[in-house]
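Structure file target-v8.cif (mmCIF, N, CA and C atoms) follows.
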data_target
#
loop_
_atom_site.label_atom_id
_atom_site.label_comp_id
_atom_site.auth_asym_id
_atom_site.auth_seq_id
_atom_site.Cartn_x
_atom_site.Cartn_y
_atom_site.Cartn_z
N MET A 1 -36.87 13.58 30.41
CA MET A 1 -37.81 14.61 30.87
C MET A 1 -39.12 13.94 31.25
N ASN A 2 -39.63 14.26 32.43
CA ASN A 2 -40.89 13.69 32.89
C ASN A 2 -42.06 14.39 32.23
N LYS A 3 -43.02 13.59 31.84
CA LYS A 3 -44.22 14.16 31.27
C LYS A 3 -45.16 14.58 32.40
N ILE A 4 -45.59 15.80 32.39
CA ILE A 4 -46.50 16.31 33.41
C ILE A 4 -47.91 16.03 32.93
N THR A 5 -48.66 15.27 33.72
CA THR A 5 -50.00 14.88 33.30
C THR A 5 -51.04 15.97 33.51
N ASN A 6 -50.85 16.82 34.46
CA ASN A 6 -51.82 17.86 34.76
C ASN A 6 -51.08 19.14 35.11
N PRO A 7 -50.52 19.81 34.10
CA PRO A 7 -49.74 21.02 34.41
C PRO A 7 -50.62 22.12 35.00
N ILE A 8 -50.00 22.95 35.79
CA ILE A 8 -50.73 24.05 36.42
C ILE A 8 -50.77 25.22 35.44
N HIS A 9 -51.96 25.71 35.24
CA HIS A 9 -52.19 26.83 34.33
C HIS A 9 -51.39 28.05 34.80
N ARG A 10 -50.79 28.74 33.84
CA ARG A 10 -49.97 29.91 34.17
C ARG A 10 -50.77 30.98 34.93
N ALA A 11 -52.01 31.19 34.51
CA ALA A 11 -52.85 32.20 35.17
C ALA A 11 -53.11 31.81 36.63
N ALA A 12 -53.19 30.51 36.91
CA ALA A 12 -53.37 30.07 38.30
C ALA A 12 -52.14 30.42 39.12
N ARG A 13 -50.97 30.22 38.56
CA ARG A 13 -49.74 30.57 39.28
C ARG A 13 -49.65 32.07 39.53
N ILE A 14 -50.05 32.85 38.53
CA ILE A 14 -50.03 34.31 38.68
C ILE A 14 -51.05 34.74 39.74
N GLY A 15 -52.25 34.15 39.69
CA GLY A 15 -53.27 34.46 40.69
C GLY A 15 -52.82 34.13 42.09
N ALA A 16 -52.20 32.95 42.24
CA ALA A 16 -51.70 32.54 43.55
C ALA A 16 -50.62 33.49 44.05
N ALA A 17 -49.75 33.91 43.15
CA ALA A 17 -48.67 34.84 43.53
C ALA A 17 -49.23 36.19 43.95
N ILE A 18 -50.20 36.69 43.19
CA ILE A 18 -50.82 37.97 43.54
C ILE A 18 -51.50 37.87 44.90
N ALA A 19 -52.27 36.80 45.10
CA ALA A 19 -52.95 36.61 46.39
C ALA A 19 -51.94 36.53 47.52
N ALA A 20 -50.88 35.75 47.33
CA ALA A 20 -49.88 35.57 48.38
C ALA A 20 -49.20 36.89 48.72
N VAL A 21 -48.88 37.67 47.72
CA VAL A 21 -48.24 38.97 47.97
C VAL A 21 -49.19 39.88 48.75
N LEU A 22 -50.45 39.92 48.34
CA LEU A 22 -51.40 40.79 49.04
C LEU A 22 -51.65 40.31 50.47
N PHE A 23 -51.79 39.00 50.67
CA PHE A 23 -51.95 38.49 52.03
C PHE A 23 -50.73 38.82 52.89
N THR A 24 -49.55 38.73 52.30
CA THR A 24 -48.33 39.05 53.03
C THR A 24 -48.28 40.53 53.39
N LEU A 25 -48.71 41.38 52.47
CA LEU A 25 -48.76 42.82 52.77
C LEU A 25 -49.76 43.11 53.89
N VAL A 26 -50.88 42.41 53.89
CA VAL A 26 -51.84 42.56 54.98
C VAL A 26 -51.21 42.12 56.30
N ALA A 27 -50.47 41.03 56.28
CA ALA A 27 -49.79 40.56 57.50
C ALA A 27 -48.79 41.60 57.99
N LEU A 28 -48.06 42.21 57.07
CA LEU A 28 -47.10 43.25 57.47
C LEU A 28 -47.82 44.46 58.06
N PHE A 29 -48.95 44.82 57.46
CA PHE A 29 -49.76 45.91 58.01
C PHE A 29 -50.20 45.56 59.44
N GLN A 30 -50.70 44.33 59.61
CA GLN A 30 -51.15 43.90 60.93
C GLN A 30 -50.00 43.89 61.93
N LEU A 31 -48.84 43.46 61.49
CA LEU A 31 -47.67 43.47 62.37
C LEU A 31 -47.32 44.90 62.78
N ALA A 32 -47.42 45.84 61.86
CA ALA A 32 -47.17 47.24 62.20
C ALA A 32 -48.15 47.72 63.26
N VAL A 33 -49.41 47.32 63.13
CA VAL A 33 -50.42 47.68 64.11
C VAL A 33 -50.08 47.06 65.47
N VAL A 34 -49.67 45.80 65.47
CA VAL A 34 -49.28 45.12 66.70
C VAL A 34 -48.16 45.87 67.40
N LEU A 35 -47.22 46.36 66.62
CA LEU A 35 -46.06 47.05 67.17
C LEU A 35 -46.36 48.50 67.56
N GLY A 36 -47.61 48.93 67.37
CA GLY A 36 -48.01 50.26 67.84
C GLY A 36 -48.12 51.34 66.79
N ALA A 37 -48.07 50.98 65.52
CA ALA A 37 -48.25 52.00 64.48
C ALA A 37 -49.63 52.64 64.64
N PRO A 38 -49.72 53.95 64.50
CA PRO A 38 -50.99 54.65 64.72
C PRO A 38 -51.92 54.54 63.49
N LEU A 39 -52.36 53.31 63.20
CA LEU A 39 -53.16 53.04 62.01
C LEU A 39 -54.54 52.49 62.36
N GLY A 40 -55.01 52.77 63.57
CA GLY A 40 -56.26 52.22 64.04
C GLY A 40 -57.45 52.50 63.15
N GLU A 41 -57.49 53.67 62.51
CA GLU A 41 -58.64 53.99 61.67
C GLU A 41 -58.68 53.16 60.39
N TYR A 42 -57.59 52.42 60.09
CA TYR A 42 -57.52 51.60 58.88
C TYR A 42 -57.86 50.14 59.15
N THR A 43 -58.27 49.80 60.37
CA THR A 43 -58.51 48.41 60.70
C THR A 43 -59.62 48.27 61.74
N GLN A 44 -60.20 47.07 61.78
CA GLN A 44 -61.19 46.71 62.80
C GLN A 44 -62.34 47.71 62.89
N GLY A 45 -62.83 48.13 61.74
CA GLY A 45 -63.97 49.04 61.69
C GLY A 45 -63.63 50.49 61.88
N GLY A 46 -62.35 50.80 62.05
CA GLY A 46 -61.92 52.19 62.18
C GLY A 46 -62.35 52.86 63.47
N ALA A 47 -62.76 52.07 64.47
CA ALA A 47 -63.27 52.64 65.72
C ALA A 47 -62.19 53.33 66.54
N ASN A 48 -60.94 52.92 66.37
CA ASN A 48 -59.86 53.49 67.16
C ASN A 48 -58.91 54.28 66.27
N LYS A 49 -58.84 55.56 66.50
CA LYS A 49 -57.85 56.37 65.78
C LYS A 49 -56.53 56.23 66.52
N GLY A 50 -55.45 56.24 65.77
CA GLY A 50 -54.14 56.12 66.40
C GLY A 50 -53.80 54.68 66.72
N THR A 51 -53.08 54.49 67.80
CA THR A 51 -52.63 53.16 68.22
C THR A 51 -53.81 52.38 68.81
N LEU A 52 -53.90 51.12 68.43
CA LEU A 52 -54.97 50.26 68.95
C LEU A 52 -54.71 49.88 70.40
N PRO A 53 -55.79 49.62 71.15
CA PRO A 53 -55.61 49.11 72.51
C PRO A 53 -55.03 47.69 72.47
N VAL A 54 -54.52 47.22 73.58
CA VAL A 54 -53.80 45.94 73.66
C VAL A 54 -54.62 44.79 73.09
N GLN A 55 -55.87 44.66 73.50
CA GLN A 55 -56.70 43.54 73.03
C GLN A 55 -56.84 43.56 71.51
N SER A 56 -57.01 44.71 70.91
CA SER A 56 -57.12 44.83 69.47
C SER A 56 -55.80 44.52 68.78
N ARG A 57 -54.70 44.84 69.44
CA ARG A 57 -53.38 44.53 68.88
C ARG A 57 -53.13 43.01 68.91
N ILE A 58 -53.60 42.35 69.94
CA ILE A 58 -53.50 40.89 70.00
C ILE A 58 -54.30 40.28 68.85
N PHE A 59 -55.49 40.77 68.64
CA PHE A 59 -56.33 40.31 67.53
C PHE A 59 -55.61 40.52 66.20
N ALA A 60 -54.95 41.65 66.04
CA ALA A 60 -54.19 41.93 64.81
C ALA A 60 -53.04 40.94 64.65
N GLY A 61 -52.40 40.56 65.75
CA GLY A 61 -51.31 39.58 65.68
C GLY A 61 -51.80 38.22 65.24
N VAL A 62 -52.93 37.80 65.78
CA VAL A 62 -53.52 36.52 65.36
C VAL A 62 -53.90 36.60 63.88
N SER A 63 -54.46 37.71 63.49
CA SER A 63 -54.84 37.91 62.09
C SER A 63 -53.62 37.83 61.18
N ALA A 64 -52.52 38.43 61.59
CA ALA A 64 -51.29 38.39 60.79
C ALA A 64 -50.83 36.96 60.57
N ALA A 65 -50.85 36.16 61.63
CA ALA A 65 -50.44 34.75 61.51
C ALA A 65 -51.36 33.99 60.56
N LEU A 66 -52.66 34.22 60.70
CA LEU A 66 -53.63 33.51 59.86
C LEU A 66 -53.48 33.87 58.38
N VAL A 67 -53.29 35.15 58.09
CA VAL A 67 -53.19 35.52 56.67
C VAL A 67 -51.88 35.02 56.05
N LEU A 68 -50.85 34.82 56.86
CA LEU A 68 -49.62 34.21 56.33
C LEU A 68 -49.86 32.74 55.96
N VAL A 69 -50.64 32.05 56.77
CA VAL A 69 -51.01 30.67 56.42
C VAL A 69 -51.84 30.67 55.14
N MET A 70 -52.72 31.65 55.00
CA MET A 70 -53.53 31.76 53.79
C MET A 70 -52.67 32.01 52.56
N ALA A 71 -51.68 32.87 52.70
CA ALA A 71 -50.75 33.12 51.59
C ALA A 71 -50.06 31.83 51.19
N ALA A 72 -49.60 31.08 52.19
CA ALA A 72 -48.92 29.81 51.92
C ALA A 72 -49.86 28.80 51.27
N ALA A 73 -51.12 28.80 51.68
CA ALA A 73 -52.10 27.87 51.10
C ALA A 73 -52.33 28.17 49.63
N MET A 74 -52.40 29.44 49.28
CA MET A 74 -52.62 29.78 47.87
C MET A 74 -51.41 29.39 47.03
N LEU A 75 -50.23 29.61 47.55
CA LEU A 75 -49.03 29.18 46.81
C LEU A 75 -48.98 27.66 46.69
N ALA A 76 -49.34 26.96 47.76
CA ALA A 76 -49.31 25.50 47.74
C ALA A 76 -50.30 24.95 46.72
N ARG A 77 -51.38 25.64 46.50
CA ARG A 77 -52.37 25.20 45.51
C ARG A 77 -51.73 25.09 44.12
N THR A 78 -50.68 25.86 43.89
CA THR A 78 -49.95 25.80 42.62
C THR A 78 -48.57 25.17 42.79
N GLU A 79 -48.46 24.36 43.84
CA GLU A 79 -47.26 23.57 44.14
C GLU A 79 -46.01 24.41 44.38
N ARG A 80 -46.21 25.53 45.07
CA ARG A 80 -45.10 26.38 45.48
C ARG A 80 -45.27 26.76 46.94
N GLY A 81 -44.23 27.31 47.52
CA GLY A 81 -44.30 27.82 48.88
C GLY A 81 -44.07 26.77 49.95
N PRO A 82 -44.11 27.20 51.20
CA PRO A 82 -43.74 26.32 52.32
C PRO A 82 -44.71 25.17 52.57
N LEU A 83 -45.93 25.24 52.11
CA LEU A 83 -46.89 24.16 52.33
C LEU A 83 -47.03 23.23 51.12
N ARG A 84 -46.19 23.38 50.12
CA ARG A 84 -46.36 22.64 48.86
C ARG A 84 -46.33 21.13 49.00
N PHE A 85 -45.72 20.61 50.08
CA PHE A 85 -45.65 19.17 50.27
C PHE A 85 -46.74 18.64 51.20
N ALA A 86 -47.60 19.53 51.66
CA ALA A 86 -48.72 19.11 52.51
C ALA A 86 -49.69 18.27 51.66
N PRO A 87 -50.51 17.45 52.30
CA PRO A 87 -51.50 16.67 51.54
C PRO A 87 -52.39 17.58 50.70
N ARG A 88 -52.65 17.16 49.48
CA ARG A 88 -53.43 18.00 48.56
C ARG A 88 -54.82 18.32 49.09
N ARG A 89 -55.43 17.38 49.76
CA ARG A 89 -56.77 17.66 50.31
C ARG A 89 -56.71 18.77 51.36
N LEU A 90 -55.69 18.75 52.19
CA LEU A 90 -55.51 19.80 53.19
C LEU A 90 -55.29 21.15 52.50
N ILE A 91 -54.45 21.15 51.49
CA ILE A 91 -54.20 22.38 50.74
C ILE A 91 -55.50 22.89 50.12
N ALA A 92 -56.28 21.98 49.55
CA ALA A 92 -57.55 22.38 48.93
C ALA A 92 -58.48 23.02 49.95
N VAL A 93 -58.59 22.40 51.12
CA VAL A 93 -59.47 22.94 52.16
C VAL A 93 -58.98 24.32 52.61
N LEU A 94 -57.69 24.43 52.89
CA LEU A 94 -57.14 25.72 53.31
C LEU A 94 -57.31 26.79 52.22
N ALA A 95 -57.08 26.41 50.98
CA ALA A 95 -57.18 27.38 49.88
C ALA A 95 -58.63 27.82 49.65
N TRP A 96 -59.59 26.89 49.79
CA TRP A 96 -61.00 27.29 49.66
C TRP A 96 -61.43 28.16 50.83
N ILE A 97 -60.96 27.85 52.03
CA ILE A 97 -61.26 28.71 53.19
C ILE A 97 -60.68 30.11 52.94
N THR A 98 -59.48 30.15 52.40
CA THR A 98 -58.83 31.42 52.09
C THR A 98 -59.66 32.22 51.08
N THR A 99 -60.14 31.53 50.05
CA THR A 99 -60.95 32.19 49.02
C THR A 99 -62.24 32.74 49.63
N ALA A 100 -62.88 31.94 50.47
CA ALA A 100 -64.11 32.39 51.13
C ALA A 100 -63.82 33.58 52.05
N TYR A 101 -62.72 33.51 52.78
CA TYR A 101 -62.30 34.60 53.67
C TYR A 101 -62.12 35.90 52.87
N ALA A 102 -61.47 35.78 51.71
CA ALA A 102 -61.26 36.96 50.88
C ALA A 102 -62.59 37.51 50.38
N GLY A 103 -63.51 36.62 50.01
CA GLY A 103 -64.83 37.07 49.56
C GLY A 103 -65.60 37.79 50.66
N VAL A 104 -65.57 37.22 51.85
CA VAL A 104 -66.22 37.87 52.99
C VAL A 104 -65.53 39.20 53.29
N GLY A 105 -64.21 39.22 53.14
CA GLY A 105 -63.46 40.46 53.37
C GLY A 105 -63.91 41.59 52.45
N VAL A 106 -64.23 41.26 51.21
CA VAL A 106 -64.73 42.29 50.29
C VAL A 106 -66.01 42.89 50.84
N ILE A 107 -66.94 42.02 51.23
CA ILE A 107 -68.23 42.49 51.75
C ILE A 107 -68.04 43.34 53.01
N LEU A 108 -67.24 42.83 53.95
CA LEU A 108 -67.04 43.56 55.21
C LEU A 108 -66.36 44.90 54.98
N ASN A 109 -65.44 44.95 54.02
CA ASN A 109 -64.76 46.22 53.76
C ASN A 109 -65.62 47.19 52.96
N LEU A 110 -66.64 46.69 52.30
CA LEU A 110 -67.58 47.58 51.61
C LEU A 110 -68.61 48.17 52.57
N ILE A 111 -68.91 47.45 53.66
CA ILE A 111 -69.95 47.92 54.59
C ILE A 111 -69.40 48.53 55.87
N THR A 112 -68.07 48.58 56.01
CA THR A 112 -67.51 49.15 57.23
C THR A 112 -67.92 50.62 57.38
N PRO A 113 -68.13 51.07 58.61
CA PRO A 113 -68.46 52.48 58.82
C PRO A 113 -67.27 53.41 58.56
N SER A 114 -66.08 52.86 58.49
CA SER A 114 -64.88 53.68 58.29
C SER A 114 -64.65 53.95 56.81
N ALA A 115 -64.82 55.19 56.41
CA ALA A 115 -64.62 55.55 54.99
C ALA A 115 -63.17 55.32 54.56
N VAL A 116 -62.23 55.58 55.47
CA VAL A 116 -60.81 55.37 55.15
C VAL A 116 -60.54 53.89 54.94
N GLU A 117 -61.02 53.06 55.84
CA GLU A 117 -60.84 51.61 55.72
C GLU A 117 -61.50 51.09 54.44
N ARG A 118 -62.69 51.58 54.16
CA ARG A 118 -63.42 51.18 52.95
C ARG A 118 -62.64 51.54 51.70
N ALA A 119 -62.09 52.75 51.66
CA ALA A 119 -61.36 53.21 50.48
C ALA A 119 -60.07 52.44 50.25
N VAL A 120 -59.40 52.05 51.33
CA VAL A 120 -58.12 51.34 51.21
C VAL A 120 -58.32 49.85 51.01
N TRP A 121 -59.10 49.23 51.89
CA TRP A 121 -59.14 47.76 51.93
C TRP A 121 -60.15 47.11 51.00
N ALA A 122 -61.23 47.80 50.65
CA ALA A 122 -62.20 47.18 49.73
C ALA A 122 -61.53 46.82 48.39
N PRO A 123 -60.78 47.73 47.78
CA PRO A 123 -60.12 47.34 46.52
C PRO A 123 -59.07 46.24 46.71
N VAL A 124 -58.34 46.30 47.81
CA VAL A 124 -57.31 45.27 48.06
C VAL A 124 -57.97 43.91 48.21
N THR A 125 -59.03 43.82 49.02
CA THR A 125 -59.68 42.54 49.22
C THR A 125 -60.38 42.05 47.95
N ALA A 126 -60.85 42.97 47.13
CA ALA A 126 -61.48 42.57 45.86
C ALA A 126 -60.45 41.91 44.94
N VAL A 127 -59.26 42.47 44.87
CA VAL A 127 -58.20 41.87 44.05
C VAL A 127 -57.77 40.54 44.66
N MET A 128 -57.65 40.48 45.98
CA MET A 128 -57.30 39.22 46.64
C MET A 128 -58.32 38.14 46.31
N PHE A 129 -59.60 38.47 46.42
CA PHE A 129 -60.65 37.50 46.14
C PHE A 129 -60.60 37.04 44.69
N ALA A 130 -60.45 37.98 43.78
CA ALA A 130 -60.38 37.61 42.35
C ALA A 130 -59.18 36.71 42.08
N ALA A 131 -58.04 37.03 42.67
CA ALA A 131 -56.83 36.22 42.47
C ALA A 131 -57.02 34.82 43.04
N CYS A 132 -57.62 34.73 44.22
CA CYS A 132 -57.89 33.42 44.83
C CYS A 132 -58.86 32.62 43.97
N LEU A 133 -59.92 33.26 43.52
CA LEU A 133 -60.93 32.57 42.74
C LEU A 133 -60.37 32.05 41.42
N VAL A 134 -59.58 32.87 40.74
CA VAL A 134 -58.93 32.42 39.51
C VAL A 134 -58.05 31.21 39.78
N THR A 135 -57.26 31.29 40.83
CA THR A 135 -56.38 30.18 41.20
C THR A 135 -57.19 28.91 41.46
N MET A 136 -58.22 29.03 42.24
CA MET A 136 -59.01 27.86 42.60
C MET A 136 -59.73 27.26 41.40
N LEU A 137 -60.30 28.09 40.57
CA LEU A 137 -61.04 27.57 39.42
C LEU A 137 -60.10 26.92 38.40
N LEU A 138 -58.92 27.45 38.26
CA LEU A 138 -57.98 26.89 37.27
C LEU A 138 -57.19 25.69 37.81
N THR A 139 -57.34 25.38 39.08
CA THR A 139 -56.65 24.23 39.65
C THR A 139 -57.65 23.19 40.16
N ARG A 140 -58.88 23.25 39.70
CA ARG A 140 -59.88 22.26 40.12
C ARG A 140 -59.40 20.85 39.81
N GLY A 141 -59.75 19.94 40.66
CA GLY A 141 -59.40 18.54 40.45
C GLY A 141 -58.03 18.14 40.96
N ARG A 142 -57.26 19.07 41.46
CA ARG A 142 -55.92 18.76 41.93
C ARG A 142 -55.92 18.15 43.34
N ALA A 143 -56.98 18.36 44.08
CA ALA A 143 -57.00 17.90 45.47
C ALA A 143 -57.00 16.38 45.60
N ALA A 144 -57.58 15.71 44.65
CA ALA A 144 -57.75 14.25 44.77
C ALA A 144 -56.46 13.48 44.48
N LYS A 145 -55.49 14.11 43.94
CA LYS A 145 -54.27 13.40 43.52
C LYS A 145 -53.25 13.33 44.61
#
Just give me the structure of the file as structure tokens.
Amino acid sequence: MNKITNPIHRAARIGAAIAAVLFTLVALFQLAVVLGAPLGEYTQGGANKGTLPVQSRIFAGVSAALVLVMAAAMLARTERGPLRFAPRRLIAVLAWITTAYAGVGVILNLITPSAVERAVWAPVTAVMFAACLVTMLLTRGRAAK
């Protein structure tokens, strides 16, 4: 049996899993918007009720791809998921960007003019940010190895 010199804290793995699940759900939501789901009031400031215009749907598609990379980065931080074999420094950078993105997401979803978007996404992004932050703080020092 190999001795693990720096085991990953269980709470970090749980945080990464929670973040990855939530990012994946956001990606699925964005994909639904791309495909024409009438959910415009729940995204992009709630300016468009119903189906988003083409340019906004393209933006949602790009967003979906990015949040899937973010989900993978959080899993990789705990040595799981499709990016787990990427260089640790790259994983660290992506995971910290993801954490910052989630933090900014909390602020943006608290100040959005859309009450519906605020009610739905502010709590989701708050949990995402907390999960990312727990993961990052409990896996400090892993990037250099």
Legend entry - Reference answer for the PyMOL selection byres ((chain A and resi 84-92) around 8), as a ChimeraX atom specification: /A:72-83,93-98,142-145
Take the selection from the previous step and output its residues with N, CA and C atoms, as a PDB file, in the frame of the given file.
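Output below, filename part-v5.pdb:
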ATOM      1  N   ALA A  72     -49.600  31.080  52.190  1.00  0.00           N
ATOM      2  CA  ALA A  72     -48.920  29.810  51.920  1.00  0.00           C
ATOM      3  C   ALA A  72     -49.860  28.800  51.270  1.00  0.00           C
ATOM      4  N   ALA A  73     -51.120  28.800  51.680  1.00  0.00           N
ATOM      5  CA  ALA A  73     -52.100  27.870  51.100  1.00  0.00           C
ATOM      6  C   ALA A  73     -52.330  28.170  49.630  1.00  0.00           C
ATOM      7  N   MET A  74     -52.400  29.440  49.280  1.00  0.00           N
ATOM      8  CA  MET A  74     -52.620  29.780  47.870  1.00  0.00           C
ATOM      9  C   MET A  74     -51.410  29.390  47.030  1.00  0.00           C
ATOM     10  N   LEU A  75     -50.230  29.610  47.550  1.00  0.00           N
ATOM     11  CA  LEU A  75     -49.030  29.180  46.810  1.00  0.00           C
ATOM     12  C   LEU A  75     -48.980  27.660  46.690  1.00  0.00           C
ATOM     13  N   ALA A  76     -49.340  26.960  47.760  1.00  0.00           N
ATOM     14  CA  ALA A  76     -49.310  25.500  47.740  1.00  0.00           C
ATOM     15  C   ALA A  76     -50.300  24.950  46.720  1.00  0.00           C
ATOM     16  N   ARG A  77     -51.380  25.640  46.500  1.00  0.00           N
ATOM     17  CA  ARG A  77     -52.370  25.200  45.510  1.00  0.00           C
ATOM     18  C   ARG A  77     -51.730  25.090  44.120  1.00  0.00           C
ATOM     19  N   THR A  78     -50.680  25.860  43.890  1.00  0.00           N
ATOM     20  CA  THR A  78     -49.950  25.800  42.620  1.00  0.00           C
ATOM     21  C   THR A  78     -48.570  25.170  42.790  1.00  0.00           C
ATOM     22  N   GLU A  79     -48.460  24.360  43.840  1.00  0.00           N
ATOM     23  CA  GLU A  79     -47.260  23.570  44.140  1.00  0.00           C
ATOM     24  C   GLU A  79     -46.010  24.410  44.380  1.00  0.00           C
ATOM     25  N   ARG A  80     -46.210  25.530  45.070  1.00  0.00           N
ATOM     26  CA  ARG A  80     -45.100  26.380  45.480  1.00  0.00           C
ATOM     27  C   ARG A  80     -45.270  26.760  46.940  1.00  0.00           C
ATOM     28  N   GLY A  81     -44.230  27.310  47.520  1.00  0.00           N
ATOM     29  CA  GLY A  81     -44.300  27.820  48.880  1.00  0.00           C
ATOM     30  C   GLY A  81     -44.070  26.770  49.950  1.00  0.00           C
ATOM     31  N   PRO A  82     -44.110  27.200  51.200  1.00  0.00           N
ATOM     32  CA  PRO A  82     -43.740  26.320  52.320  1.00  0.00           C
ATOM     33  C   PRO A  82     -44.710  25.170  52.570  1.00  0.00           C
ATOM     34  N   LEU A  83     -45.930  25.240  52.110  1.00  0.00           N
ATOM     35  CA  LEU A  83     -46.890  24.160  52.330  1.00  0.00           C
ATOM     36  C   LEU A  83     -47.030  23.230  51.120  1.00  0.00           C
ATOM     37  N   VAL A  93     -58.590  22.400  51.120  1.00  0.00           N
ATOM     38  CA  VAL A  93     -59.470  22.940  52.160  1.00  0.00           C
ATOM     39  C   VAL A  93     -58.980  24.320  52.610  1.00  0.00           C
ATOM     40  N   LEU A  94     -57.690  24.430  52.890  1.00  0.00           N
ATOM     41  CA  LEU A  94     -57.140  25.720  53.310  1.00  0.00           C
ATOM     42  C   LEU A  94     -57.310  26.790  52.220  1.00  0.00           C
ATOM     43  N   ALA A  95     -57.080  26.410  50.980  1.00  0.00           N
ATOM     44  CA  ALA A  95     -57.180  27.380  49.880  1.00  0.00           C
ATOM     45  C   ALA A  95     -58.630  27.820  49.650  1.00  0.00           C
ATOM     46  N   TRP A  96     -59.590  26.890  49.790  1.00  0.00           N
ATOM     47  CA  TRP A  96     -61.000  27.290  49.660  1.00  0.00           C
ATOM     48  C   TRP A  96     -61.430  28.160  50.830  1.00  0.00           C
ATOM     49  N   ILE A  97     -60.960  27.850  52.030  1.00  0.00           N
ATOM     50  CA  ILE A  97     -61.260  28.710  53.190  1.00  0.00           C
ATOM     51  C   ILE A  97     -60.680  30.110  52.940  1.00  0.00           C
ATOM     52  N   THR A  98     -59.480  30.150  52.400  1.00  0.00           N
ATOM     53  CA  THR A  98     -58.830  31.420  52.090  1.00  0.00           C
ATOM     54  C   THR A  98     -59.660  32.220  51.080  1.00  0.00           C
ATOM     55  N   ARG A 142     -57.260  19.070  41.460  1.00  0.00           N
ATOM     56  CA  ARG A 142     -55.920  18.760  41.930  1.00  0.00           C
ATOM     57  C   ARG A 142     -55.920  18.150  43.340  1.00  0.00           C
ATOM     58  N   ALA A 143     -56.980  18.360  44.080  1.00  0.00           N
ATOM     59  CA  ALA A 143     -57.000  17.900  45.470  1.00  0.00           C
ATOM     60  C   ALA A 143     -57.000  16.380  45.600  1.00  0.00           C
ATOM     61  N   ALA A 144     -57.580  15.710  44.650  1.00  0.00           N
ATOM     62  CA  ALA A 144     -57.750  14.250  44.770  1.00  0.00           C
ATOM     63  C   ALA A 144     -56.460  13.480  44.480  1.00  0.00           C
ATOM     64  N   LYS A 145     -55.490  14.110  43.940  1.00  0.00           N
ATOM     65  CA  LYS A 145     -54.270  13.400  43.520  1.00  0.00           C
ATOM     66  C   LYS A 145     -53.250  13.330  44.610  1.00  0.00           C
TER      67      LYS A 145
END
Legend entry - Counting only C-alpha atoms, the option among A:Ile111, A:Val21, A:Leu39, A:Ala100 closest to Met136 of chain A: A:Ala100
Inset, instruction - Take the point (-64.5, 53.8, 58.1) as written in the file and pick out every residue within 5 Å of it, counting all atoms listed in the file; give the list as a list in words. - result: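 These residues have at least one counted atom within 5 Å: Thr112, Pro113, Ser114, Ala115, Val116, Glu117 and Arg118 of chain A.
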Inset, instruction - Could you give me, as a ChimeraX atom specification, the residues within 6 Å of Ala12 of chain A, counting all atoms listed in the file and dropping anything in the same chain fewer than 5 positions from it? - result: /A:17,134-135,138
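Here atom N of Ile8 of chain A and atom N of Tyr101 of chain A stand 23.7 Å from one another.
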Inset, instruction - Mind checking which residues fall within 5 Å of segment 26-37 of chain A, counting all atoms listed in the file, ignoring those fewer than 2 positions away in the same chain, and posting them as an MDAnalysis selection string? - result: chainID A and resid 22:24 39 51 57 64
Inset, instruction - List, as a list of chain:residue names, every residue that the PyMOL selection byres (((chain A and resi 41 and name CA) around 9) and name CA) selects in the file provided. - result: A:Pro38, A:Leu39, A:Gly40, A:Tyr42, A:Thr43, A:Gln44, A:Gly45, A:Gly46, A:Ala47, A:Asn48, A:Lys49, A:Gly50, A:Thr51, A:Leu52, A:Ser114, A:Val116, A:Glu117
Legend entry - Reference answer for the PyMOL selection byres (((chain A and resi 124 and name CA) around 10) and name CA), as a PyMOL selection string: chain A and resi 19+22-23+26+102+105-106+109+118-123+125-129
Adding 4 Å on each side of the box along x, y and z that holds all listed atoms of segment 60-70 of chain A, could you give its centre and edge lengths in Å to one decimal, as lines of an AutoDock Vina configuration file?
center_x = -52.3
center_y = 36.3
center_z = 59.3
size_x = 13.3
size_y = 19.3
size_z = 21.5
Legend entry - Nearest residue to Leu25 of chain A from the set A:Gly61, A:Gly141, A:Val67, A:Thr99 (distances using only N, CA and C atoms): A:Val67
Inset, instruction - Work out how far apart atom C of Arg13 of chain A and atom C of Val69 of chain A are and give it in Å to one decimal. - result: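 So the answer is 15.8 Å.
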Inset, instruction - Give the helix (DSSP H, G or I) residues of chain A, as DSSP finds them on the backbone, and put them as a PyMOL selection string. - result: chain A and resi 10-34+40-42+44-46+54-77+88-111+115-138
Inset, instruction - Could you tell me how far atom C of Ala16 of chain A lies from atom C of Ala65 of chain A, in Å and to one decimal? - result: 16.5 Å
